[in-house]
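The next block holds one structure in the form of structure tokens; read it before the comments.
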Amino acid sequence: MNDAVDTTSLPNEDALTEAGSEHLFIHASAHRALANDAGKRILVEGDGALVKDIEGKEYIDGLAGLWLVNAGHGRQEIADAYSRQAGKLAYASSTQATSIPAIELATRLAELTPGDQATAFFCSGGSEAVESAIKIARQYHYFNSEPKRSKIVGRRGSYHGATYGAMSVSGTRPMSEPYHSPFMHGVLHASPPYCYRCDFRHSFPGCDLLCADQIEQIIKYENPKTVAAVIAEPISASGGIVIPPKGYWTRLREICDRHGVLLITDEVINGFGRTGRMFASEHWDLVGDIMTVAKGLASGYAPIGAVMCRPHVVEAFEGKNKLSHLLTYGGHAAACAAALANLEVFEREGLVANSQAMGARLKEGLEGLSHHPSVGEVRGQGLLVGLELVKDPDSKEKFADDGAELETFGEALAERGLLTRVDSVLPLSPPLCITAEQIDRMVAIIDDSLTAMETAHDLG
Ligand SMILES: Cc1ncc(COP(=O)(O)O)c(C=O)c1O
């Protein structure tokens, strides 16, 4: 990245802010957020794990954009792959034809994804992948002469997207309830495997995985013949970097198999090296019947997602049994070319192994901050790391999401050059190409920012 952004070549910053505030509706924000919310910035360039804003201030991108720029910023070769394909053939109809990059990417994914997940349905992002997975699961049962199997079981705290079906199966939906209910019919939610704040006030292993068994209770109570699928992220990021205890995934896989319920593993955040393996499922030898991916698939260089299906799933769609679902942008040729180039970078630079090594370094560094009274727990797998902040480590009382403490903390982080989202569980997921020096810088910034928050609010 250049030492200083050449502001002479950029439009005037004030004019841009004014235009952006007037004409750009920033997601999950109030109108004119660009002018009013100090957390919003205009970013102009990036290099690896670093980004620079229009004022020339450099930050470590602590969330890889929004958990997706896994290969890092400024990768000319991914941009070139997109551009070459767009110049030749940007698009082939997703329903009457396909393209060479779409076939090549589907084949590459069949090689990389867990077990026998061998067939890819392409779409443009994570929410679409989840919508598609739900529809594929329901149609699978219909074609297998079980048309009543339509219900979906999700988990509290999980996030699966913002479109209607994905929002409905998300365990974060109470936040949208005032505006968007009634939700999709036939969705149930179970407890997450969140040992630090167990819904049952049990502890592992004495609990004997009651949270997994609760899913079976729900399925039985509803009548298994009405349940289509269970959807869950192998490690829930939105739930607070919730890493399930040993045995959880084996138990849940068995429960789904016992009742003929499909298991949809949502690897939209987990996938593509984020957890130190190509897919988080690999940590537990888990193979979902259907798996959703997006984000790191093209590291943000193109909007693309996919639904990976195992043979028994796609075999239900044969002869006259057609998939009743299509998306114009599914299998976009240039997006597929970008994804292929992204996966080449992964392989050549060993990004999955770097995620494992840098994640361990980050976790160790954060564990060294336990003297701070506001540090509750550090959790992480690869570069999917969370620092749970608490008002009081004994009672585990949480900070209010919109409270003054987290506001001070967020300002302190940004001032010192670390961008992330500030929640009571601080998510830390930088690009997988991050260096050891940058990881140590992240830890030092967090250390100083915790001190700033604790001093300003008289904590501990
Ligand atoms: C696990 C999971 N699934 C699905 C989605 C939705 O993806 P998108 O925002 O690309 O629609 C997200 C987004 O963060 C996610 O975390």
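Ligands are numbered from 1 in the order shown, chains are lettered A, B, ... in the order of the structure tokens, and residues start at 1 in each chain.
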*asked:* Can you tell me, as number ranges by chain, which residues in segment 225-313 of chain A count as strand (DSSP E) by DSSP?
replied: A: 227-232, 262-266, 290-293, 305-309
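Around ligand 1, the neighbouring residues within 7 Å, taking only C-alpha atoms and all ligand atoms, come to Gly125, Gly126, Ser127, Glu128, Val130, Tyr159, His160, Gly161, Ala162, Glu233, Ser236, Ala237, Ser238, Asp266, Glu267, Val268, Ile269, Ala294 and Lys295 of chain A.
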Export of the given selection (N, CA and C atoms) as a short mmCIF file (atom, residue, chain, number, x, y, z; two decimals), in the first residue's frame:
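Produced file again-v8.cif, reproduced below:
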```
data_model
loop_
_atom_site.label_atom_id
_atom_site.label_comp_id
_atom_site.auth_asym_id
_atom_site.auth_seq_id
_atom_site.Cartn_x
_atom_site.Cartn_y
_atom_site.Cartn_z
N GLY A 125 -24.54 -15.12 -2.64
CA GLY A 125 -24.08 -14.79 -1.29
C GLY A 125 -24.64 -15.77 -0.28
N GLY A 126 -24.38 -15.49 1.00
CA GLY A 126 -24.74 -16.42 2.06
C GLY A 126 -26.24 -16.57 2.27
N SER A 127 -26.97 -15.44 2.26
CA SER A 127 -28.41 -15.54 2.50
C SER A 127 -29.08 -16.35 1.40
N GLU A 128 -28.66 -16.08 0.16
CA GLU A 128 -29.22 -16.86 -0.96
C GLU A 128 -28.86 -18.33 -0.84
N VAL A 130 -28.50 -19.99 1.91
CA VAL A 130 -29.37 -20.57 2.93
C VAL A 130 -30.80 -20.74 2.40
N TYR A 159 -26.84 -16.96 13.14
CA TYR A 159 -27.26 -16.05 12.08
C TYR A 159 -27.09 -16.78 10.75
N HIS A 160 -28.14 -16.76 9.94
CA HIS A 160 -28.05 -17.43 8.64
C HIS A 160 -28.38 -16.50 7.49
N GLY A 161 -28.59 -15.21 7.77
CA GLY A 161 -28.81 -14.28 6.67
C GLY A 161 -30.01 -13.39 6.90
N ALA A 162 -30.20 -12.45 5.97
CA ALA A 162 -31.18 -11.39 6.17
C ALA A 162 -32.40 -11.49 5.25
N GLU A 233 -24.35 -23.63 12.15
CA GLU A 233 -22.96 -23.38 11.76
C GLU A 233 -22.09 -24.30 12.63
N SER A 236 -20.53 -21.20 15.64
CA SER A 236 -21.38 -20.03 15.42
C SER A 236 -20.61 -18.75 15.70
N ALA A 237 -20.48 -17.91 14.68
CA ALA A 237 -19.79 -16.63 14.86
C ALA A 237 -20.74 -15.64 15.52
N SER A 238 -21.95 -15.52 14.97
CA SER A 238 -22.88 -14.52 15.50
C SER A 238 -23.29 -14.84 16.93
N ASP A 266 -23.94 -24.72 7.89
CA ASP A 266 -23.77 -23.38 7.32
C ASP A 266 -22.32 -22.94 7.55
N GLU A 267 -21.52 -23.03 6.49
CA GLU A 267 -20.10 -22.67 6.59
C GLU A 267 -19.83 -21.34 5.88
N VAL A 268 -20.85 -20.47 5.87
CA VAL A 268 -20.68 -19.19 5.18
C VAL A 268 -19.51 -18.39 5.79
N ILE A 269 -19.42 -18.38 7.11
CA ILE A 269 -18.25 -17.74 7.75
C ILE A 269 -17.13 -18.76 7.97
N ALA A 294 -20.11 -19.15 1.17
CA ALA A 294 -20.12 -17.86 0.43
C ALA A 294 -18.82 -17.14 0.81
N LYS A 295 -18.96 -15.95 1.33
CA LYS A 295 -17.85 -15.11 1.82
C LYS A 295 -16.45 -15.47 1.30
#
```
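Considering only C-alpha atoms, the residue among A:Ala360, A:Ala337, A:Ala33, A:Leu297 positioned nearest to Trp67 of chain A is A:Leu297.
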*Using only C-alpha atoms, determine which residues lie at most 8 Å from segment 408-424 of chain A, disregarding the query and same-chain residues fewer than 4 positions distant; provide the list as a PyMOL selection string.*
chain A and resi 39+57-63+388-390+398-401+404+428+442+445-446+449-450+452-453+456
Store the residues picked out above in a file with C-alpha atoms, as a PDB file, in the first residue's frame.
```
ATOM      1  CA  GLY A  39     -17.890   4.319  13.111  1.00  0.00           C
ATOM      2  CA  LYS A  57      -5.249   6.493   8.227  1.00  0.00           C
ATOM      3  CA  GLU A  58      -4.214   2.844   8.207  1.00  0.00           C
ATOM      4  CA  TYR A  59      -6.026   0.083  10.079  1.00  0.00           C
ATOM      5  CA  ILE A  60      -5.665  -3.642  10.598  1.00  0.00           C
ATOM      6  CA  ASP A  61      -8.827  -5.112   9.105  1.00  0.00           C
ATOM      7  CA  GLY A  62      -9.762  -7.124  12.188  1.00  0.00           C
ATOM      8  CA  LEU A  63     -12.870  -8.600  10.597  1.00  0.00           C
ATOM      9  CA  GLU A 388     -15.997 -12.181  25.605  1.00  0.00           C
ATOM     10  CA  LEU A 389     -16.179  -8.956  27.596  1.00  0.00           C
ATOM     11  CA  VAL A 390     -17.998  -8.789  30.924  1.00  0.00           C
ATOM     12  CA  LYS A 398     -22.772  -8.380  30.058  1.00  0.00           C
ATOM     13  CA  PHE A 399     -22.109  -4.888  28.780  1.00  0.00           C
ATOM     14  CA  ALA A 400     -25.080  -3.341  27.003  1.00  0.00           C
ATOM     15  CA  ASP A 401     -24.519  -3.524  23.231  1.00  0.00           C
ATOM     16  CA  ALA A 404     -21.127   3.794  26.927  1.00  0.00           C
ATOM     17  CA  LEU A 428     -11.400 -11.033  15.688  1.00  0.00           C
ATOM     18  CA  MET A 442      -3.732  -6.342  17.341  1.00  0.00           C
ATOM     19  CA  ILE A 445      -4.144  -2.363  20.612  1.00  0.00           C
ATOM     20  CA  ILE A 446      -6.771  -4.453  22.410  1.00  0.00           C
ATOM     21  CA  SER A 449      -8.125  -0.128  24.521  1.00  0.00           C
ATOM     22  CA  LEU A 450      -9.308  -2.302  27.413  1.00  0.00           C
ATOM     23  CA  ALA A 452      -8.863   3.008  28.192  1.00  0.00           C
ATOM     24  CA  MET A 453     -12.375   1.601  28.689  1.00  0.00           C
ATOM     25  CA  ALA A 456     -12.930   5.844  31.661  1.00  0.00           C
TER      26      ALA A 456
END
```
*Within 12 Å of Ala71 of chain A, counting only C-alpha atoms, which residues show up once you throw out same-chain ones fewer than 4 positions away? Write them as a ChimeraX atom specification, please.*
/A:46-50,64-65,67,75-78,272-274,295-301,338-339,341-352,354-355,430-434
Write a file of the just-selected residues containing C-alpha atoms, as a short mmCIF file (atom, residue, chain, number, x, y, z; two decimals), in the first residue's frame.
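The resulting file, part_32.cif, is shown below:
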```cif
data_model
loop_
_atom_site.label_atom_id
_atom_site.label_comp_id
_atom_site.auth_asym_id
_atom_site.auth_seq_id
_atom_site.Cartn_x
_atom_site.Cartn_y
_atom_site.Cartn_z
CA GLY A 46 -6.06 -2.25 1.05
CA ASP A 47 -3.04 -4.52 1.11
CA GLY A 48 -3.04 -7.91 2.83
CA ALA A 49 -4.52 -7.44 6.31
CA LEU A 50 -4.39 -3.63 6.12
CA ALA A 64 -11.61 -9.17 7.05
CA GLY A 65 -14.35 -6.83 5.84
CA TRP A 67 -15.53 -12.21 7.68
CA ARG A 75 -4.81 -9.22 -4.82
CA GLN A 76 -4.27 -8.13 -8.40
CA GLU A 77 -4.31 -11.71 -9.71
CA ILE A 78 -7.87 -12.30 -8.48
CA PHE A 272 -12.32 -21.40 3.35
CA GLY A 273 -9.71 -21.57 6.05
CA ARG A 274 -11.29 -19.30 8.62
CA LYS A 295 -17.85 -15.11 1.82
CA GLY A 296 -14.31 -16.61 1.63
CA LEU A 297 -15.18 -18.50 -1.57
CA ALA A 298 -14.04 -15.46 -3.55
CA SER A 299 -12.67 -13.46 -0.59
CA GLY A 300 -14.97 -10.56 -1.48
CA TYR A 301 -13.55 -10.05 -4.98
CA ALA A 338 -12.45 -14.91 -9.33
CA ALA A 339 -13.26 -17.73 -6.89
CA ALA A 341 -8.10 -17.57 -8.65
CA ASN A 342 -8.79 -17.01 -4.95
CA LEU A 343 -8.47 -20.74 -4.24
CA GLU A 344 -5.15 -20.78 -6.11
CA VAL A 345 -3.84 -18.07 -3.79
CA PHE A 346 -4.96 -20.16 -0.82
CA GLU A 347 -3.03 -23.16 -2.06
CA ARG A 348 0.14 -21.37 -3.14
CA GLU A 349 0.47 -19.35 0.07
CA GLY A 350 -0.69 -22.00 2.54
CA LEU A 351 -3.33 -19.66 3.93
CA VAL A 352 -5.19 -22.39 5.81
CA ASN A 354 -1.34 -19.63 8.39
CA SER A 355 -4.85 -19.26 9.79
CA PRO A 430 -8.51 -10.75 10.09
CA PRO A 431 -7.47 -11.86 6.60
CA LEU A 432 -5.73 -15.24 6.70
CA CYS A 433 -2.51 -13.78 5.26
CA ILE A 434 -1.96 -11.69 8.41
#
```
